[in-house]
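What's in entry-v6.txt: compact mmCIF, C-alpha atoms and all ligand atoms
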# COMPACT_ATOMS: atom_id res chain seq x y z
CA MET K 1 61.68 -79.09 15.40
CA THR K 2 62.72 -80.46 18.77
CA ARG K 3 65.64 -79.11 20.76
CA GLN K 4 67.52 -82.28 19.98
CA ASP K 5 67.07 -81.86 16.24
CA TYR K 6 68.22 -78.30 16.63
CA TYR K 7 71.46 -79.28 18.27
CA TYR K 8 72.15 -82.27 16.10
CA HIS K 9 71.46 -80.76 12.76
CA GLU K 10 72.05 -77.07 13.25
CA ARG K 11 74.87 -76.94 15.75
CA SER K 12 76.81 -79.98 14.67
CA ALA K 13 76.50 -79.14 10.99
CA LYS K 14 77.40 -75.49 11.44
CA ASP K 15 80.04 -75.82 14.08
CA PRO K 16 82.97 -77.88 12.87
CA ARG K 17 84.32 -78.00 16.43
CA TRP K 18 81.29 -79.93 17.71
CA TYR K 19 83.16 -83.21 17.27
CA ASP K 20 86.29 -81.95 19.01
CA TRP K 21 86.14 -83.20 22.59
CA LYS K 22 88.33 -80.40 23.87
CA TRP K 23 85.85 -77.91 22.45
CA GLN K 24 83.00 -79.78 24.14
CA PHE K 25 84.88 -79.79 27.43
CA ALA K 26 85.78 -76.10 27.21
CA HIS K 27 82.20 -75.10 26.34
CA ARG K 28 80.49 -76.87 29.22
CA ILE K 29 77.67 -75.08 30.95
CA THR K 30 78.64 -74.50 34.55
CA ASN K 31 76.29 -71.85 35.98
CA ALA K 32 72.62 -70.84 36.00
CA GLU K 33 73.19 -67.79 33.82
CA GLN K 34 74.69 -69.86 30.99
CA LEU K 35 72.00 -72.50 31.36
CA SER K 36 69.22 -69.91 31.10
CA ARG K 37 70.50 -69.02 27.63
CA VAL K 38 69.76 -72.53 26.37
CA LEU K 39 66.87 -73.69 28.60
CA PRO K 40 63.86 -71.61 29.61
CA LEU K 41 64.34 -70.95 33.36
CA THR K 42 62.31 -68.77 35.70
CA GLU K 43 64.09 -66.43 38.12
CA GLU K 44 63.16 -68.84 40.94
CA GLU K 45 64.66 -71.80 39.08
CA LYS K 46 67.83 -69.83 38.48
CA ARG K 47 68.04 -69.06 42.21
CA ASP K 48 67.44 -72.73 43.08
CA ILE K 49 70.18 -73.87 40.73
CA SER K 50 72.60 -71.32 42.15
CA SER K 51 71.88 -72.45 45.70
CA CYS K 52 72.55 -76.08 44.72
CA LEU K 53 75.78 -75.04 43.09
CA SER K 54 77.10 -73.77 46.40
CA ARG K 55 77.08 -77.44 47.45
CA PHE K 56 77.59 -79.47 44.30
CA ARG K 57 79.07 -78.38 41.06
CA MET K 58 77.38 -78.43 37.64
CA ALA K 59 78.98 -79.11 34.26
CA ILE K 60 77.09 -80.10 31.11
CA THR K 61 78.71 -80.64 27.73
CA PRO K 62 76.88 -79.05 24.78
CA TYR K 63 76.51 -82.58 23.39
CA TYR K 64 74.78 -83.99 26.50
CA LEU K 65 72.60 -80.90 26.72
CA SER K 66 71.49 -81.55 23.14
CA LEU K 67 69.93 -84.83 24.27
CA ILE K 68 67.31 -82.99 26.35
CA ARG K 69 64.08 -83.46 24.43
CA SER K 70 61.66 -81.52 26.56
CA THR K 71 62.12 -78.84 29.16
CA ASP K 72 59.25 -79.99 31.39
CA LYS K 73 61.75 -80.91 34.15
CA ASN K 74 60.89 -84.61 33.90
CA ASP K 75 63.17 -85.17 30.96
CA PRO K 76 65.48 -88.09 31.84
CA VAL K 77 68.60 -86.35 30.53
CA LEU K 78 67.73 -83.00 32.08
CA ARG K 79 67.18 -84.61 35.48
CA GLN K 80 70.59 -86.28 35.37
CA CYS K 81 72.53 -83.08 34.68
CA VAL K 82 70.52 -80.02 35.80
CA PRO K 83 70.54 -79.42 39.58
CA SER K 84 67.22 -79.42 41.41
CA ILE K 85 66.41 -77.81 44.74
CA GLU K 86 65.84 -81.30 46.18
CA GLU K 87 69.62 -81.68 46.32
CA THR K 88 69.72 -79.20 49.18
CA TYR K 89 67.48 -81.46 51.29
CA ASP K 90 69.36 -83.40 53.95
CA CYS K 91 67.71 -86.80 54.29
CA PRO K 92 68.44 -88.46 57.66
CA ASP K 93 69.70 -91.57 55.82
CA ASP K 94 72.29 -89.62 53.84
CA LEU K 95 75.94 -90.39 54.42
CA PRO K 96 78.93 -88.38 53.21
CA ASP K 97 80.87 -91.52 52.27
CA PRO K 98 78.12 -94.18 52.05
CA LEU K 99 80.40 -96.99 50.88
CA ASN K 100 83.09 -96.16 53.44
CA GLU K 101 85.69 -95.92 50.70
CA GLU K 102 87.96 -93.91 52.98
CA GLY K 103 87.92 -96.77 55.49
CA ASP K 104 89.12 -99.22 52.83
CA SER K 105 91.81 -96.94 51.47
CA PRO K 106 95.30 -98.11 52.48
CA VAL K 107 97.01 -95.34 50.45
CA PRO K 108 95.44 -92.24 48.88
CA HIS K 109 93.53 -92.97 45.62
CA ILE K 110 93.32 -96.74 46.21
CA VAL K 111 90.25 -98.55 47.58
CA HIS K 112 91.04 -102.17 48.42
CA ARG K 113 87.86 -103.94 49.47
CA TYR K 114 87.80 -107.22 47.57
CA PRO K 115 90.55 -109.85 47.72
CA ASP K 116 91.92 -109.68 44.18
CA ARG K 117 91.11 -106.22 42.85
CA VAL K 118 91.33 -102.53 43.67
CA LEU K 119 89.63 -99.33 42.68
CA PHE K 120 92.15 -96.73 41.56
CA LEU K 121 90.74 -93.17 41.64
CA VAL K 122 93.00 -91.17 39.33
CA THR K 123 91.03 -87.93 38.98
CA TYR K 124 88.15 -86.00 40.53
CA LYS K 125 87.19 -84.44 37.21
CA CYS K 126 84.32 -85.44 34.93
CA SER K 127 82.97 -83.99 31.70
CA VAL K 128 79.42 -83.90 33.12
CA TYR K 129 78.68 -83.88 36.84
CA CYS K 130 75.83 -86.36 37.25
CA ARG K 131 73.27 -85.24 39.79
CA HIS K 132 73.09 -88.77 41.21
CA CYS K 133 76.86 -89.29 41.53
CA THR K 134 77.71 -91.67 44.34
CA ARG K 135 81.19 -90.18 44.80
CA ARG K 136 80.06 -86.56 44.86
CA ARG K 137 81.86 -85.99 48.16
CA THR K 138 85.05 -85.73 46.12
CA VAL K 139 84.10 -85.71 42.44
CA GLY K 140 83.88 -82.12 41.22
CA GLU K 141 85.13 -80.83 44.56
CA GLU K 142 88.68 -80.50 43.41
CA ASP K 143 89.72 -80.15 39.80
CA ARG K 144 92.70 -82.33 40.38
CA ILE K 145 94.27 -85.41 38.88
CA ILE K 146 96.68 -87.66 40.72
CA ASN K 147 100.21 -86.25 41.01
CA GLU K 148 103.45 -88.10 40.41
CA LYS K 149 104.17 -88.71 44.11
CA GLU K 150 100.68 -90.10 44.79
CA LEU K 151 100.89 -92.21 41.65
CA SER K 152 104.11 -93.87 42.70
CA ALA K 153 102.70 -94.57 46.20
CA ALA K 154 99.60 -96.18 44.68
CA LEU K 155 101.65 -98.22 42.19
CA GLY K 156 103.92 -99.30 45.05
CA TYR K 157 100.93 -100.60 47.00
CA ILE K 158 99.71 -102.62 44.01
CA ARG K 159 103.20 -104.04 43.42
CA GLN K 160 103.57 -105.03 47.07
CA HIS K 161 100.24 -106.87 47.06
CA PRO K 162 100.63 -109.73 44.56
CA GLU K 163 97.05 -110.82 45.23
CA ILE K 164 95.87 -107.78 43.23
CA ARG K 165 95.30 -108.97 39.69
CA ASP K 166 92.61 -106.55 38.54
CA VAL K 167 92.86 -102.74 38.72
CA LEU K 168 89.78 -100.66 38.05
CA ILE K 169 90.79 -97.14 36.99
CA SER K 170 88.01 -94.77 37.90
CA GLY K 171 87.48 -91.36 39.47
CA GLY K 172 85.96 -88.99 38.37
CA ASP K 173 86.31 -89.93 34.76
CA PRO K 174 89.75 -91.17 33.66
CA LEU K 175 88.98 -90.37 30.01
CA VAL K 176 88.89 -86.62 30.64
CA MET K 177 92.65 -86.86 31.12
CA SER K 178 94.92 -86.40 28.15
CA THR K 179 95.81 -89.59 26.30
CA GLY K 180 99.46 -89.09 27.27
CA ARG K 181 98.74 -88.79 30.98
CA LEU K 182 96.43 -91.82 30.88
CA GLU K 183 99.05 -93.84 29.01
CA HIS K 184 101.59 -92.99 31.69
CA ILE K 185 99.27 -94.52 34.33
CA ILE K 186 98.24 -97.55 32.26
CA SER K 187 101.77 -98.41 31.11
CA SER K 188 103.00 -98.19 34.72
CA LEU K 189 100.25 -100.60 35.78
CA ARG K 190 101.03 -102.95 32.89
CA ALA K 191 104.64 -103.10 34.07
CA ILE K 192 103.52 -104.65 37.39
CA PRO K 193 103.69 -108.46 36.99
CA ASN K 194 100.69 -109.26 39.21
CA VAL K 195 98.35 -106.94 37.31
CA ASP K 196 96.36 -109.03 34.84
CA ILE K 197 93.20 -107.09 33.95
CA ILE K 198 93.11 -103.29 33.65
CA ARG K 199 89.61 -101.86 33.67
CA ILE K 200 88.43 -98.30 33.06
CA GLY K 201 85.15 -96.88 34.37
CA THR K 202 84.00 -93.95 32.22
CA ARG K 203 80.85 -92.06 31.31
CA VAL K 204 82.48 -90.46 28.28
CA PRO K 205 80.66 -92.62 25.67
CA VAL K 206 77.38 -91.24 27.10
CA VAL K 207 78.19 -87.61 27.83
CA MET K 208 81.08 -86.74 25.47
CA PRO K 209 81.39 -89.57 22.90
CA MET K 210 83.74 -87.56 20.68
CA ARG K 211 86.44 -88.30 23.28
CA ILE K 212 86.57 -91.84 21.87
CA THR K 213 89.15 -91.25 19.16
CA ASP K 214 91.41 -93.52 17.11
CA GLU K 215 94.37 -91.98 18.95
CA LEU K 216 92.93 -93.04 22.33
CA LEU K 217 92.12 -96.56 21.17
CA GLU K 218 95.50 -97.08 19.48
CA MET K 219 97.05 -96.27 22.85
CA LEU K 220 94.74 -98.55 24.87
CA LYS K 221 95.20 -101.47 22.46
CA LYS K 222 98.88 -101.67 23.39
CA TYR K 223 98.03 -102.66 26.96
CA HIS K 224 95.49 -105.47 26.58
CA PRO K 225 93.67 -107.05 28.37
CA ILE K 226 91.76 -103.79 28.86
CA TRP K 227 88.07 -103.80 29.76
CA ILE K 228 85.78 -100.77 29.92
CA ASN K 229 82.54 -100.17 31.80
CA THR K 230 80.36 -97.23 30.90
CA HIS K 231 77.20 -95.75 32.41
CA PHE K 232 74.04 -95.41 30.29
CA ASN K 233 70.86 -94.92 32.31
CA HIS K 234 68.18 -94.18 29.71
CA PRO K 235 67.47 -95.03 26.05
CA ASN K 236 67.49 -91.29 25.17
CA GLU K 237 71.25 -91.39 25.80
CA ILE K 238 71.70 -93.76 22.88
CA THR K 239 72.42 -91.71 19.77
CA PRO K 240 74.34 -92.24 16.52
CA ASP K 241 77.33 -90.61 18.24
CA SER K 242 77.29 -92.78 21.37
CA GLU K 243 76.67 -95.84 19.22
CA ARG K 244 79.71 -95.03 17.10
CA ALA K 245 81.87 -94.49 20.23
CA CYS K 246 80.82 -97.86 21.69
CA GLY K 247 81.42 -99.59 18.35
CA MET K 248 84.93 -98.16 18.14
CA ILE K 249 85.74 -99.39 21.66
CA VAL K 250 84.51 -102.90 20.94
CA ASP K 251 86.29 -102.94 17.56
CA ALA K 252 89.52 -102.20 19.45
CA GLY K 253 89.04 -105.54 21.18
CA ILE K 254 87.91 -104.00 24.45
CA PRO K 255 84.93 -105.76 26.05
CA LEU K 256 82.44 -103.04 26.97
CA GLY K 257 80.00 -103.32 29.88
CA ASN K 258 77.42 -100.97 31.29
CA GLN K 259 76.54 -100.03 34.85
CA SER K 260 73.21 -98.27 35.33
CA VAL K 261 71.86 -96.67 38.47
CA LEU K 262 68.18 -97.21 39.24
CA LEU K 263 66.79 -93.66 39.37
CA LYS K 264 63.28 -92.68 40.37
CA GLY K 265 61.32 -91.14 37.53
CA ILE K 266 64.15 -91.79 35.07
CA ASN K 267 64.49 -95.53 34.55
CA ASP K 268 62.48 -97.14 37.38
CA ASP K 269 60.09 -98.65 34.87
CA PRO K 270 60.41 -102.15 33.34
CA ALA K 271 59.57 -100.89 29.82
CA VAL K 272 62.25 -98.18 29.94
CA MET K 273 64.84 -100.57 31.34
CA LYS K 274 63.98 -103.22 28.77
CA GLU K 275 64.39 -100.75 25.91
CA LEU K 276 67.72 -99.59 27.38
CA VAL K 277 69.27 -103.03 27.84
CA LEU K 278 68.15 -104.28 24.41
CA LYS K 279 69.64 -101.21 22.74
CA LEU K 280 72.86 -101.72 24.70
CA VAL K 281 73.17 -105.32 23.51
CA HIS K 282 72.48 -104.16 19.97
CA MET K 283 75.54 -101.89 20.34
CA ARG K 284 77.52 -104.88 21.70
CA VAL K 285 77.50 -103.38 25.20
CA ARG K 286 76.85 -105.96 27.92
CA PRO K 287 74.60 -104.77 30.77
CA TYR K 288 76.74 -105.58 33.83
CA TYR K 289 75.27 -104.05 36.99
CA LEU K 290 72.06 -102.28 37.89
CA TYR K 291 72.84 -100.39 41.10
CA GLN K 292 70.39 -99.50 43.78
CA CYS K 293 70.90 -95.77 44.30
CA ASP K 294 73.39 -95.11 47.12
CA LEU K 295 72.90 -93.01 50.24
CA SER K 296 75.10 -90.14 49.04
CA ARG K 297 74.12 -86.65 50.15
CA GLY K 298 71.39 -84.77 48.34
CA ILE K 299 70.19 -87.60 46.11
CA SER K 300 67.33 -89.06 48.20
CA HIS K 301 64.81 -87.90 45.56
CA PHE K 302 66.41 -90.38 43.12
CA ARG K 303 66.07 -93.42 45.39
CA THR K 304 63.42 -96.05 44.72
CA ASN K 305 62.12 -98.81 46.92
CA VAL K 306 64.16 -102.00 46.43
CA ASP K 307 60.91 -103.78 45.46
CA VAL K 308 60.88 -101.66 42.29
CA GLY K 309 64.31 -102.97 41.31
CA ILE K 310 63.32 -106.56 42.06
CA LYS K 311 60.18 -106.19 39.95
CA ILE K 312 62.17 -104.79 37.02
CA MET K 313 64.65 -107.67 37.25
CA HIS K 314 61.78 -110.17 37.41
CA GLU K 315 60.26 -108.72 34.27
CA LEU K 316 63.56 -108.82 32.39
CA THR K 317 64.71 -112.29 33.47
CA GLY K 318 63.63 -114.99 31.05
CA ASN K 319 61.67 -112.61 28.87
CA ILE K 320 64.75 -111.31 27.07
CA SER K 321 68.16 -112.76 26.28
CA GLY K 322 70.32 -113.43 29.33
CA TYR K 323 73.02 -111.22 27.78
CA ALA K 324 70.69 -108.25 28.16
CA VAL K 325 69.99 -108.80 31.87
CA PRO K 326 72.29 -107.00 34.34
CA LYS K 327 72.87 -108.06 37.93
CA TYR K 328 70.92 -105.95 40.42
CA VAL K 329 73.09 -105.05 43.41
CA ILE K 330 73.03 -102.92 46.51
CA ASP K 331 76.45 -101.56 47.39
CA ALA K 332 76.12 -102.11 51.13
CA PRO K 333 76.29 -98.92 53.22
CA GLY K 334 79.36 -98.95 55.44
CA GLY K 335 81.57 -100.77 52.96
CA GLY K 336 80.15 -104.29 52.70
CA GLY K 337 80.58 -104.34 48.94
CA LYS K 338 78.07 -105.17 46.22
CA ILE K 339 75.38 -107.60 47.30
CA PRO K 340 73.15 -109.19 44.63
CA VAL K 341 69.43 -108.77 45.27
CA SER K 342 67.04 -110.97 43.37
CA TYR K 343 63.50 -112.20 43.14
CA ASN K 344 63.30 -115.41 45.10
CA TYR K 345 62.75 -118.19 42.55
CA VAL K 346 63.45 -121.01 45.04
CA ILE K 347 60.27 -121.74 47.00
CA SER K 348 61.74 -124.50 49.17
CA ARG K 349 64.87 -126.64 49.31
CA ASP K 350 65.60 -129.70 51.40
CA ASP K 351 67.68 -132.88 51.07
CA ARG K 352 65.07 -134.44 48.78
CA GLU K 353 64.08 -131.71 46.38
CA VAL K 354 64.16 -128.09 45.30
CA VAL K 355 60.83 -126.45 44.51
CA MET K 356 61.15 -123.52 42.13
CA GLU K 357 59.12 -120.99 40.26
CA ASN K 358 60.00 -120.14 36.65
CA PHE K 359 59.86 -116.67 35.06
CA ARG K 360 56.18 -117.23 34.17
CA GLY K 361 55.28 -118.12 37.76
CA LYS K 362 54.82 -121.87 37.11
CA MET K 363 56.11 -124.38 39.69
CA TYR K 364 58.81 -126.99 39.02
CA LYS K 365 60.62 -129.60 41.13
CA TYR K 366 64.20 -130.77 40.95
CA PRO K 367 64.89 -134.06 42.81
CA GLN K 368 68.16 -133.91 44.75
CA PRO K 369 70.71 -136.75 44.48
CA ASP K 370 71.20 -138.63 47.72
CA LYS K 371 73.83 -136.84 49.83
CA ASN K 372 75.24 -140.15 51.20
CA GLU K 373 75.98 -141.78 47.85
C1 LIG K 401 82.74 -102.22 42.37
C2 LIG K 401 84.05 -102.27 42.96
C3 LIG K 401 85.04 -103.09 42.41
C4 LIG K 401 84.82 -103.96 41.20
O1 LIG K 401 83.91 -104.96 41.48
P1 LIG K 401 83.45 -106.02 40.39
O2 LIG K 401 82.30 -106.70 41.04
O3 LIG K 401 84.59 -106.93 40.15
O4 LIG K 401 83.07 -105.26 39.16
C5 LIG K 401 86.28 -103.13 43.04
N1 LIG K 401 86.51 -102.41 44.16
C6 LIG K 401 85.58 -101.60 44.70
C7 LIG K 401 85.90 -100.84 45.95
C8 LIG K 401 84.31 -101.50 44.12
O5 LIG K 401 83.39 -100.70 44.65
S1 LIG K 402 80.65 -89.58 35.43
FE1 LIG K 402 80.64 -90.96 37.18
S2 LIG K 402 82.07 -90.07 38.66
FE2 LIG K 402 81.54 -88.46 37.18
S3 LIG K 402 79.81 -87.36 38.07
FE3 LIG K 402 78.96 -88.95 36.75
S4 LIG K 402 78.60 -90.70 38.13
FE4 LIG K 402 80.03 -89.29 39.19
Is it possible to express this structure as structure tokens?
Ligand SMILES: *Cc1c(COP(=O)(O)O)cnc(C)c1O
Ligand code: SF4
Amino acid sequence: MTRQDYYYHERSAKDPRWYDWKWQFAHRITNAEQLSRVLPLTEEEKRDISSCLSRFRMAITPYYLSLIRSTDKNDPVLRQCVPSIEETYDCPDDLPDPLNEEGDSPVPHIVHRYPDRVLFLVTYKCSVYCRHCTRRRTVGEEDRIINEKELSAALGYIRQHPEIRDVLISGGDPLVMSTGRLEHIISSLRAIPNVDIIRIGTRVPVVMPMRITDELLEMLKKYHPIWINTHFNHPNEITPDSERACGMIVDAGIPLGNQSVLLKGINDDPAVMKELVLKLVHMRVRPYYLYQCDLSRGISHFRTNVDVGIKIMHELTGNISGYAVPKYVIDAPGGGGKIPVSYNYVISRDDREVVMENFRGKMYKYPQPDKNE
């Protein structure tokens, strides 16, 4: 019996609280001692984990831990949630705030980089602290959610900038807040006339799917149009529980997208990525972005060469349904925003014609209409 079978069938069947998200949250594994009771760890590994934890926090829900299939340290779920000593390595390229979010923050908790939309960071808490988190400079550092004074300053900014029509609620993970607290934020946003779309970025469907409850969705449905983006990185994260959570979200009329991060040794392989995106589409989740791994501190061991991302995109494009193909982007260091990176299908282009390569590598020409006519 694998570890996963053990957790699924033994723990979930025997422990009626398994499907209670508050139980999952309260029973998270947060130190090396607790982890060593569920994963075989040597004394050295325990020491390594503890030294990482002095820099970056750990939290793993029992559910997400149950998705670890092998303890050989290459397991894609294990690598995303269990600290490794590589996190203590300072790579010269590392930046504390790689996307310069502080520089684009006119009021605390708001990042206003693009003309018509803002990022609204409402909490620093998450249910699982991902080892590759881009916002690890703040996420997990303080166990705090936005207070009433900060909330009214942020709402004031959005109200005073009528060009803002799309607010992306993120953090941290907004869905670790109570439904009541979240409703307070969402209803206040909905009361602002210029706010059209409200989006939520959350990893809860992947790491704590029992948080997706009828109560939560009944609340969200009152404030449409609501869109949600989640964050699956590997097919092993797709389980009957995460599939049910995604189905409930979509059934509530909320379009559900996915943002993956390209991670070395986890999903930097066309076959793995293809399996992931096809399973996402099967669950009615639209692959939205594939991010090149950022320059955040202590995650250089997760970064791949950009050529790897371009090759994966080339192998997906045309070979599978366009719905299953995300957009590969680099969030430009220094705050330039997301820049699409793609295989170059256009070989040449002049006033007379465009010469192109198709997904199979065959050449085609498109004659241009005369510019002067
Ligand atoms: C990613 C991001 C958004 C949303 O961008 P979309 O391309 O519309 O998904 C908005 N603001 C900031 C600062 C972002 O990083
Ligand atoms: S859920 Fe998102 S914000 Fe939270 S640790 Fe993971 S990547 Fe970071």
* Asked: What residues have any atom no more than 6 Å from ligand LIG 402 (chain K) when counting all atoms listed in the file, and can you list them as a ChimeraX atom specification?
  -> /K:126,129-130,133,135,171-173,203
Atoms to include: C-alpha atoms. Write the selected residues as a short mmCIF file (atom, residue, chain, number, x, y, z; two decimals), in the coordinates of the input.
data_model
loop_
_atom_site.label_atom_id
_atom_site.label_comp_id
_atom_site.auth_asym_id
_atom_site.auth_seq_id
_atom_site.Cartn_x
_atom_site.Cartn_y
_atom_site.Cartn_z
CA CYS K 126 84.32 -85.44 34.93
CA TYR K 129 78.68 -83.88 36.84
CA CYS K 130 75.83 -86.36 37.25
CA CYS K 133 76.86 -89.29 41.53
CA ARG K 135 81.19 -90.18 44.80
CA GLY K 171 87.48 -91.36 39.47
CA GLY K 172 85.96 -88.99 38.37
CA ASP K 173 86.31 -89.93 34.76
CA ARG K 203 80.85 -92.06 31.31
#
* **ligand LIG 401 (chain K) neighbours within 7 Å using all atoms listed in the file, as a list in words** =>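 Every residue with an atom at most 7 Å from ligand LIG 401 (chain K) is listed here: Glu101, Val111, His112, Arg113, Tyr114, Arg117, Val118, Leu119, Leu168, Gly337 and Lys338 of chain K.
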Closest contacts (range 191-255 of chain K/range 23-35 of chain K, max 12 Å, only C-alpha atoms) as CSV:
residue,atom,partner,partner_atom,distance
K:Val204,CA,K:Phe25,CA,11.0
K:Val207,CA,K:Gln24,CA,9.9
K:Met208,CA,K:Gln24,CA,7.3
K:Pro209,CA,K:Gln24,CA,10.0
K:Met210,CA,K:Gln24,CA,8.5
K:Arg211,CA,K:Gln24,CA,9.2
* May I ask for the distance between CA of Phe56 in chain K and CA of Cys293 in chain K, given in Å to one decimal place? =>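 About the pair CA of Phe56 in chain K and CA of Cys293 in chain K: they are 17.6 Å apart.
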* Asked: Do you know which residues lie at most 10 Å from (85.7, -89.3, 19.0), with coordinates as in the file and only C-alpha atoms counted, and could you write them as a list of chain:residue names?
  ->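 Here the neighbourhood of the point contains K:Tyr19, K:Asp20, K:Trp21, K:Val204, K:Pro205, K:Met208, K:Pro209, K:Met210, K:Arg211, K:Ile212, K:Thr213, K:Asp214, K:Glu215, K:Leu216, K:Leu217, K:Asp241, K:Ser242, K:Arg244, K:Ala245, K:Met248.
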* Point out the residue among K:Leu263, K:Ala332, K:Val195, K:Ile185 with the least atom-to-atom distance to Pro162 in chain K, counting only C-alpha atoms. => K:Val195
* Out of K:Pro240, K:Pro255, K:Gly309, K:Gly336, which residue has the shortest atom-to-atom distance to Val285 in chain K when counting all atoms listed in the file? ->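 So, comparing all the options, the nearest one is K:Pro255.
With distances taken over all atoms listed in the file, K:His161 is the one residue among K:His301, K:Arg79, K:Arg137, K:His161 lying closest to Pro106 in chain K.
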* To do: Fewer than 3 positions away in the same chain doesn't count, so skip those; otherwise give me all residues within 10 Å of Leu189 in chain K, counting only C-alpha atoms, as an MDAnalysis selection string.
  => chainID K and resid 154:155 158:159 167 183:186 192:198 223
* Structure fact -> For Lys327 in chain K, the closest of K:Arg199, K:Arg297, K:Arg286, K:Lys365 counting all atoms listed in the file is K:Arg286
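Put simply, CA of Ser260 in chain K is 24.7 Å away from CA of Ser105 in chain K.
Rounded to one decimal, CA of Asp97 in chain K and CA of Leu151 in chain K lie 22.7 Å from each other.
Minimum distance to Val128 in chain K across K:Arg47, K:Arg181, K:Arg57, K:Arg190 (counting all atoms listed in the file) occurs at K:Arg57.
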* Asked: For Met273 in chain K, which of K:Asn147, K:Asn372, K:Asn258, K:Asn233 is the closest residue, counting all atoms listed in the file?
  ->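 Ranked by minimum distance to Met273 in chain K, first place goes to K:Asn233.
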